Each structure stands twice: as structure tokens, then as C-alpha cells.
Amino acid sequence: MENSGLLKKDVDVLGQKLDNVKNTLTQLTDLAENVGVKKLPKQEQEDVLRGIKEEMFKIEALPSQSERLSHLRQQLVEAGGQESHYIIGWEKLFCDISARYRDISRSLIEEQDKAVVEALWNEYIAQVKDFLGQELPEHYEDAVQNNNMCQVHETLLRTHKAELEQAGVYRNVYNLSDTFLETLNLLVNRHVEVKNRIKQWDSYKQYRLDFLKFLRDVDLELNKLTTQQVHITTLPGNIIALQDLSHKLTTGQQTLDTLNNFKSTLPVSAECAVLTQRLENVSASMQTWLTLLIRLSKQIKLYQEKCTLLQHKYDQLDKKVHAMKDGKKPHARTMKDIQELEVRQLSLTPLTL
């Protein structure tokens with residue numbers, strides 16, 4: 001079978017398609033294995049922490065409490081924007097900065113006049129409102145950073161308000177309550193929106209991971225079926241296995257449909273288009289191989305039917321030859337039967353496997 005020219009053109013085309021799919025799914029395998037929690041290298045983590053600590057020393061050297069508070073607040077905001085879950089030791093450092101911020105804030109309220117306190121408050125409120133005026137981040141990394149920033153600003157607002165209340169200046173010095181409540185409500189609403197965006201991304205990434213794993217599993221099964229030697233006795237089983245595998249693509253299509261639904265809320269149109277094309281490529285290659293095996297099966301069946309018919313003719317001729325020896329059949333009729341048998345034998349040549 002393997003040395004013949006039967007369906008050679010189809011086999012060559014199929015081989016090329018399978019190579020293309022294998023290359024594509026190798027990339028999918030790499031991508032699936034790399035999907036997960038990103039971690040910064042240890043040296044890079046240490047560099048980030050060292051940079052924050054060095055900035056803290058500079059802040060402590062500033063001449064006035066108000067400058068320290070302003071710079072420390074900015075340091076908290078910047079530290080909050082770091083991808084904290086990638087950095088070991090980040091949480092402790094952030095808590096240390098927050099504690100120092102509370103100490104300086106309390107000291108400033110006790111030592112400075114009302115105008116300085118109010119100016120610093122209004123400056124920070126303006127900074128928070130600028131942050132809230134930004135568009136809701138579309139991409140996952142930006143949404144995570146924005147979520148951290150929301151948490152930092154919310155913590156700072158509540159901390160600052162608590163210090164002012166403790167010092168008895170929250171309501172007595174100026175009307176902070178309306179400004180605080182308005183800003184905090186906006187911040188809480190933004191925080192909820194950002195968390196929802198992150199949940200959408202987490203859900204999308206999980207579905208994408210499931211889809212990539214599905215394609216990888218299908219590729220392993222398809223590769224197993226297409227690399228084993230095709231034999232007459234195993235051909236029916238191969239066809240059934242391919243048909244069953246083809247039916248499994250429905251599961252992949254359902255996951256892909258779910259991924260496509262995220263296009264209305266997340267910027268994933270381009271990626272979904274790539275994933276769609278990959279599933280179509282796998283389906284096309286699977287169908288090409290299945291079509292080839294079905295055609296091959298039909299050729300084998302036709303070959304076997306003609307062999308059976310030829311054997312029947314041989315048996316009939318054998319009886320005629322014996323009859324001719326007994327003088328029961330004319331020689332001319334027997335020669336005609338032999339010629340007919342030769343023609344039938346020649347008709348099997350194109351079907352030789």
C-alpha cells in the first residue's frame with residue numbers, strides 16, 4: 001500500500017496541511033504552558049525594593065514635614081502602582097511606608113496651622129480627581145495597576161480623614177466632609193468597575209487556557225492517528241477514531257464562542273480571530289485526512305469485490321478446462337472465457353494497492 005501511487009496527490013497535500021497544523025499547535029502548546037502568574041526575576045525584585053527604600057531615605061532628609069508628607073504620599077501612590085503580587089516583600093514595605101505616612105500626617109496636623117493642612121488636603125484631592133478622570137483601563141496589566149491605585153488612594157483618603165478627625169479639625173477648620181464623601185464615592189465606584197474589568201479578564205484568560213489545552217489534546221490525538229502506518233485491518237478503526245475526534249471539535253467551538261462574547265467588553269478581537277483560524281485549520285486538516293481514509297476504504301472495498309469476482313471466474317474457467325478435457329466443451333468457447341478473464345484481470349491493475 002505504501003509503495004503505490006494511490007491517492008498520492010491527496011497524501012502530499014495532506015502532509016503539507018498537517019505540517020502547518022503541527023507548527024501552529026506547537027506554538028499553542030508553548031503559549032498554554034506559559035499562561036499563568038508572571039513572576040519577576042529575583043534580581044529585578046530586589047532592585048525594585050531597593051529603589052523604593054532609597055527614595056524613602058531621601059524623603060526623610062527633606063527639611064519640612066509638609067514636604068515629607070507630600071513626597072511620601074506620592075511614594076505610596078507609585079509603590080501602589082507596582083505589580084505587587086510579583087514582588088516578594090512588597091507588602092511589608094508598603095505597610096512600613098503607610099505607617100510612616102500616618103506618623104508624619106499626625107505630626108503635621110498637630111504642629112502646622114490650618115491653612116497648611118487644608119492646602120495639602122486640597123492638593124491631594126485634586127490628584128485623586130485627576131486619577132478618577134482617566135479612562136477605565138482596557139488591558140489586563142493596566143487594570144491590575146489601576147486596581148492597586150484605587151486601593152492606595154482609598155486607604156490614604158480614609159487614613160488622612162481619620163487623622164484630621166482625631167485632631168479635631170475635620171469639621172471645625174473647613175468643610176472637609178462634602179469633599180471627602182464626594183471623592184471617596186467616586187473612588188469606590190471606580191474601584192468596583194476596575195475589579196469587574198479584572199474579573200472579566202480572569203474569566204477570559206481561563207477560557208483561553210481551556211481552549212489552548214483543548215487544541216493541544218486534539219493535536220496529540222490527531223498526530224497519533226496520522227503518524228501510524230495505515231493498514232487494511234486497522235483502517236475502519238482509524239476512520240471511527242477520526243470521526244469521534246471530529247465530534248470533539250464541538251466542545252472547542254463552544255469555548256471559542258464564549259471567548260468571542262468577550263469582544264464586546266475587552267480588546268480581544270484580534271486574538272479571538274487568531275484562535276478561530278487555528279480551530280478552522282485543525283478542523284480542515286482533520287477533515288482532509290478523514291476524506292482520504294474514506295476514499296482509501298472505498299478503493300479497498302472495490303478492489304476486494306473485483307478480486308472476489310475474478311476468483312469466481314477462475315473457478316468457472318477451471319471447471320470448463322476440466323470439461324474440455326472430457327470433451328464436453330468446445331475449445332473455441334474455452335479460449336473466449338480465458339480472454340475474458342484476462343480482461344478482468346487487467347481491470348484490477350489501477351486498483352493495485
# chains A, B, ... in the order shown; residues from 1 in each chain; ligands from 1
>>> residues_around(residues="Ser269 of chain A", least_positions_apart="6", cutoff="12 Å", atoms="only C-alpha atoms", output="list in words")
Leu256, Leu259, Asn260, Asn261, Phe262, Lys263, Leu275 and Thr276 of chain A
>>> select_by_dssp(residues="segment 162-258 of chain A", states="helix (DSSP H, G or I)", output="number ranges by chain")
A: 162-166, 176-227, 235-258
>>> atom_distance(atom1="atom CA of Leu245 of chain A", atom2="atom CA of Ile232 of chain A")
20.5 Å
>>> atom_distance(atom1="atom CA of Asn122 of chain A", atom2="atom CA of Phe180 of chain A")
10.0 Å
>>> closest_residue(among="A:Gln134, A:Gln127, A:Asn189, A:Gln311", to="Leu157 of chain A", atoms="only C-alpha atoms")
A:Gln127
>>> closest_residue(among="A:Val152, A:Val268, A:Met286, A:Val230", to="Leu249 of chain A", atoms="only C-alpha atoms")
A:Met286
>>> residues_around(residues="Glu123 of chain A", least_positions_apart="4", cutoff="12 Å", atoms="only C-alpha atoms", output="JSON, numbers by chain")
{"A": [66, 69, 70, 73, 74, 116, 117, 118, 119, 127, 128, 129, 130]}
>>> write_last_selection(atoms="N, CA and C atoms", output="compact mmCIF listing (two decimals), in the first residue's frame")
# COMPACT_ATOMS: atom_id res chain seq x y z
N SER A 66 5.73 69.08 55.82
CA SER A 66 4.78 69.14 54.70
C SER A 66 5.40 68.56 53.43
N LEU A 69 5.50 64.79 53.86
CA LEU A 69 4.19 64.18 53.69
C LEU A 69 3.81 64.12 52.22
N SER A 70 4.04 65.21 51.49
CA SER A 70 3.68 65.27 50.07
C SER A 70 4.47 64.23 49.27
N ARG A 73 3.46 60.64 50.27
CA ARG A 73 2.18 60.28 49.66
C ARG A 73 2.38 59.87 48.21
N GLN A 74 3.22 60.62 47.49
CA GLN A 74 3.49 60.26 46.11
C GLN A 74 4.21 58.92 46.02
N VAL A 116 -2.05 75.24 56.11
CA VAL A 116 -1.13 74.25 55.53
C VAL A 116 -1.83 72.90 55.40
N VAL A 117 -2.56 72.53 56.45
CA VAL A 117 -3.28 71.26 56.41
C VAL A 117 -4.29 71.25 55.28
N GLU A 118 -5.06 72.33 55.17
CA GLU A 118 -6.09 72.39 54.14
C GLU A 118 -5.48 72.39 52.74
N ALA A 119 -4.34 73.09 52.58
CA ALA A 119 -3.69 73.14 51.26
C ALA A 119 -3.22 71.76 50.82
N GLN A 127 -5.36 65.59 43.04
CA GLN A 127 -4.61 64.49 42.42
C GLN A 127 -5.51 63.26 42.25
N VAL A 128 -6.33 62.96 43.24
CA VAL A 128 -7.23 61.81 43.16
C VAL A 128 -8.26 62.03 42.06
N LYS A 129 -8.78 63.25 41.97
CA LYS A 129 -9.78 63.53 40.93
C LYS A 129 -9.18 63.42 39.53
N ASP A 130 -7.92 63.82 39.39
CA ASP A 130 -7.25 63.64 38.09
C ASP A 130 -7.17 62.15 37.76
>>> closest_residue(among="A:Ser297, A:Ser285, A:Asn185, A:Thr308", to="Thr234 of chain A", atoms="only C-alpha atoms")
A:Ser297
>>> residues_around(residues="Thr255 of chain A", least_positions_apart="5", cutoff="12 Å", atoms="only C-alpha atoms", output="PyMOL selection string")
chain A and resi 203-215+248-250+260-262+272+275-276+279
>>> residues_around(residues="Leu225 of chain A", least_positions_apart="5", cutoff="9 Å", atoms="only C-alpha atoms", output="ChimeraX atom specification")
/A:220,238,241-242
>>> decode(residues="segment 288-301 of chain A", atoms="all heavy atoms", output="mmCIF file, in the first residue's frame")
data_model
loop_
_atom_site.group_PDB
_atom_site.id
_atom_site.type_symbol
_atom_site.label_atom_id
_atom_site.label_comp_id
_atom_site.auth_asym_id
_atom_site.auth_seq_id
_atom_site.Cartn_x
_atom_site.Cartn_y
_atom_site.Cartn_z
ATOM 1 N N THR A 288 -9.602 16.610 5.929
ATOM 2 C CA THR A 288 -8.820 16.157 4.770
ATOM 3 C C THR A 288 -8.326 14.726 4.984
ATOM 4 O O THR A 288 -8.415 13.878 4.092
ATOM 5 C CB THR A 288 -7.621 17.091 4.535
ATOM 6 O OG1 THR A 288 -8.101 18.415 4.286
ATOM 7 C CG2 THR A 288 -6.794 16.621 3.343
ATOM 8 N N TRP A 289 -7.810 14.484 6.181
ATOM 9 C CA TRP A 289 -7.306 13.129 6.483
ATOM 10 C C TRP A 289 -8.442 12.121 6.503
ATOM 11 O O TRP A 289 -8.307 11.005 5.996
ATOM 12 C CB TRP A 289 -6.600 13.172 7.828
ATOM 13 C CG TRP A 289 -5.985 11.868 8.241
ATOM 14 C CD1 TRP A 289 -6.405 11.058 9.228
ATOM 15 C CD2 TRP A 289 -4.833 11.240 7.671
ATOM 16 N NE1 TRP A 289 -5.602 9.948 9.323
ATOM 17 C CE2 TRP A 289 -4.623 10.030 8.366
ATOM 18 C CE3 TRP A 289 -3.959 11.571 6.636
ATOM 19 C CZ2 TRP A 289 -3.578 9.170 8.063
ATOM 20 C CZ3 TRP A 289 -2.922 10.699 6.344
ATOM 21 C CH2 TRP A 289 -2.743 9.523 7.047
ATOM 22 N N LEU A 290 -9.579 12.508 7.071
ATOM 23 C CA LEU A 290 -10.733 11.609 7.132
ATOM 24 C C LEU A 290 -11.240 11.299 5.730
ATOM 25 O O LEU A 290 -11.566 10.143 5.412
ATOM 26 C CB LEU A 290 -11.844 12.242 7.974
ATOM 27 C CG LEU A 290 -13.109 11.407 8.182
ATOM 28 C CD1 LEU A 290 -12.776 10.089 8.863
ATOM 29 C CD2 LEU A 290 -14.131 12.188 8.993
ATOM 30 N N THR A 291 -11.300 12.308 4.879
ATOM 31 C CA THR A 291 -11.747 12.114 3.500
ATOM 32 C C THR A 291 -10.816 11.153 2.758
ATOM 33 O O THR A 291 -11.264 10.280 2.004
ATOM 34 C CB THR A 291 -11.797 13.458 2.763
ATOM 35 O OG1 THR A 291 -12.708 14.324 3.441
ATOM 36 C CG2 THR A 291 -12.252 13.272 1.322
ATOM 37 N N LEU A 292 -9.521 11.310 2.992
ATOM 38 C CA LEU A 292 -8.543 10.428 2.356
ATOM 39 C C LEU A 292 -8.758 8.978 2.776
ATOM 40 O O LEU A 292 -8.773 8.067 1.937
ATOM 41 C CB LEU A 292 -7.127 10.877 2.715
ATOM 42 C CG LEU A 292 -5.998 9.946 2.260
ATOM 43 C CD1 LEU A 292 -5.904 9.900 0.747
ATOM 44 C CD2 LEU A 292 -4.668 10.367 2.862
ATOM 45 N N LEU A 293 -8.941 8.748 4.071
ATOM 46 C CA LEU A 293 -9.112 7.383 4.561
ATOM 47 C C LEU A 293 -10.413 6.769 4.053
ATOM 48 O O LEU A 293 -10.462 5.568 3.744
ATOM 49 C CB LEU A 293 -9.089 7.363 6.088
ATOM 50 C CG LEU A 293 -7.765 7.728 6.759
ATOM 51 C CD1 LEU A 293 -7.844 7.476 8.255
ATOM 52 C CD2 LEU A 293 -6.599 6.955 6.148
ATOM 53 N N ILE A 294 -11.462 7.577 3.957
ATOM 54 C CA ILE A 294 -12.738 7.065 3.433
ATOM 55 C C ILE A 294 -12.593 6.678 1.963
ATOM 56 O O ILE A 294 -13.086 5.632 1.520
ATOM 57 C CB ILE A 294 -13.849 8.113 3.628
ATOM 58 C CG1 ILE A 294 -14.170 8.260 5.125
ATOM 59 C CG2 ILE A 294 -15.111 7.713 2.860
ATOM 60 C CD1 ILE A 294 -15.183 9.352 5.438
ATOM 61 N N ARG A 295 -11.916 7.522 1.187
ATOM 62 C CA ARG A 295 -11.684 7.189 -0.228
ATOM 63 C C ARG A 295 -10.843 5.925 -0.350
ATOM 64 O O ARG A 295 -11.084 5.073 -1.209
ATOM 65 C CB ARG A 295 -10.987 8.353 -0.928
ATOM 66 C CG ARG A 295 -11.872 9.577 -1.132
ATOM 67 C CD ARG A 295 -11.120 10.679 -1.829
ATOM 68 N NE ARG A 295 -10.630 10.240 -3.139
ATOM 69 C CZ ARG A 295 -9.812 10.964 -3.902
ATOM 70 N NH1 ARG A 295 -9.369 12.136 -3.466
ATOM 71 N NH2 ARG A 295 -9.434 10.510 -5.074
ATOM 72 N N LEU A 296 -9.847 5.819 0.519
ATOM 73 C CA LEU A 296 -8.998 4.638 0.505
ATOM 74 C C LEU A 296 -9.807 3.390 0.848
ATOM 75 O O LEU A 296 -9.639 2.325 0.238
ATOM 76 C CB LEU A 296 -7.851 4.828 1.505
ATOM 77 C CG LEU A 296 -6.737 3.787 1.493
ATOM 78 C CD1 LEU A 296 -6.068 3.709 0.136
ATOM 79 C CD2 LEU A 296 -5.726 4.102 2.573
ATOM 80 N N SER A 297 -10.697 3.523 1.811
ATOM 81 C CA SER A 297 -11.547 2.405 2.212
ATOM 82 C C SER A 297 -12.447 1.959 1.058
ATOM 83 O O SER A 297 -12.641 0.753 0.835
ATOM 84 C CB SER A 297 -12.395 2.815 3.430
ATOM 85 O OG SER A 297 -13.264 1.784 3.809
ATOM 86 N N LYS A 298 -12.975 2.930 0.330
ATOM 87 C CA LYS A 298 -13.826 2.606 -0.814
ATOM 88 C C LYS A 298 -13.021 1.894 -1.906
ATOM 89 O O LYS A 298 -13.514 0.949 -2.541
ATOM 90 C CB LYS A 298 -14.466 3.870 -1.372
ATOM 91 C CG LYS A 298 -15.517 4.475 -0.442
ATOM 92 C CD LYS A 298 -16.099 5.744 -1.050
ATOM 93 C CE LYS A 298 -17.176 6.326 -0.140
ATOM 94 N NZ LYS A 298 -17.749 7.582 -0.701
ATOM 95 N N GLN A 299 -11.796 2.355 -2.125
ATOM 96 C CA GLN A 299 -10.948 1.709 -3.134
ATOM 97 C C GLN A 299 -10.637 0.267 -2.730
ATOM 98 O O GLN A 299 -10.634 -0.637 -3.564
ATOM 99 C CB GLN A 299 -9.634 2.504 -3.291
ATOM 100 C CG GLN A 299 -9.790 3.859 -3.940
ATOM 101 C CD GLN A 299 -9.984 3.749 -5.443
ATOM 102 O OE1 GLN A 299 -9.805 2.679 -6.018
ATOM 103 N NE2 GLN A 299 -10.374 4.844 -6.072
ATOM 104 N N ILE A 300 -10.358 0.066 -1.446
ATOM 105 C CA ILE A 300 -10.074 -1.294 -0.963
ATOM 106 C C ILE A 300 -11.295 -2.197 -1.134
ATOM 107 O O ILE A 300 -11.184 -3.359 -1.564
ATOM 108 C CB ILE A 300 -9.647 -1.253 0.510
ATOM 109 C CG1 ILE A 300 -8.279 -0.585 0.634
ATOM 110 C CG2 ILE A 300 -9.610 -2.657 1.115
ATOM 111 C CD1 ILE A 300 -7.838 -0.327 2.051
ATOM 112 N N LYS A 301 -12.479 -1.664 -0.828
ATOM 113 C CA LYS A 301 -13.701 -2.444 -0.967
ATOM 114 C C LYS A 301 -13.935 -2.811 -2.430
ATOM 115 O O LYS A 301 -14.286 -3.966 -2.752
ATOM 116 C CB LYS A 301 -14.879 -1.640 -0.433
ATOM 117 C CG LYS A 301 -16.197 -2.404 -0.491
ATOM 118 C CD LYS A 301 -17.335 -1.562 0.072
ATOM 119 C CE LYS A 301 -18.656 -2.333 0.003
ATOM 120 N NZ LYS A 301 -19.787 -1.521 0.536
#
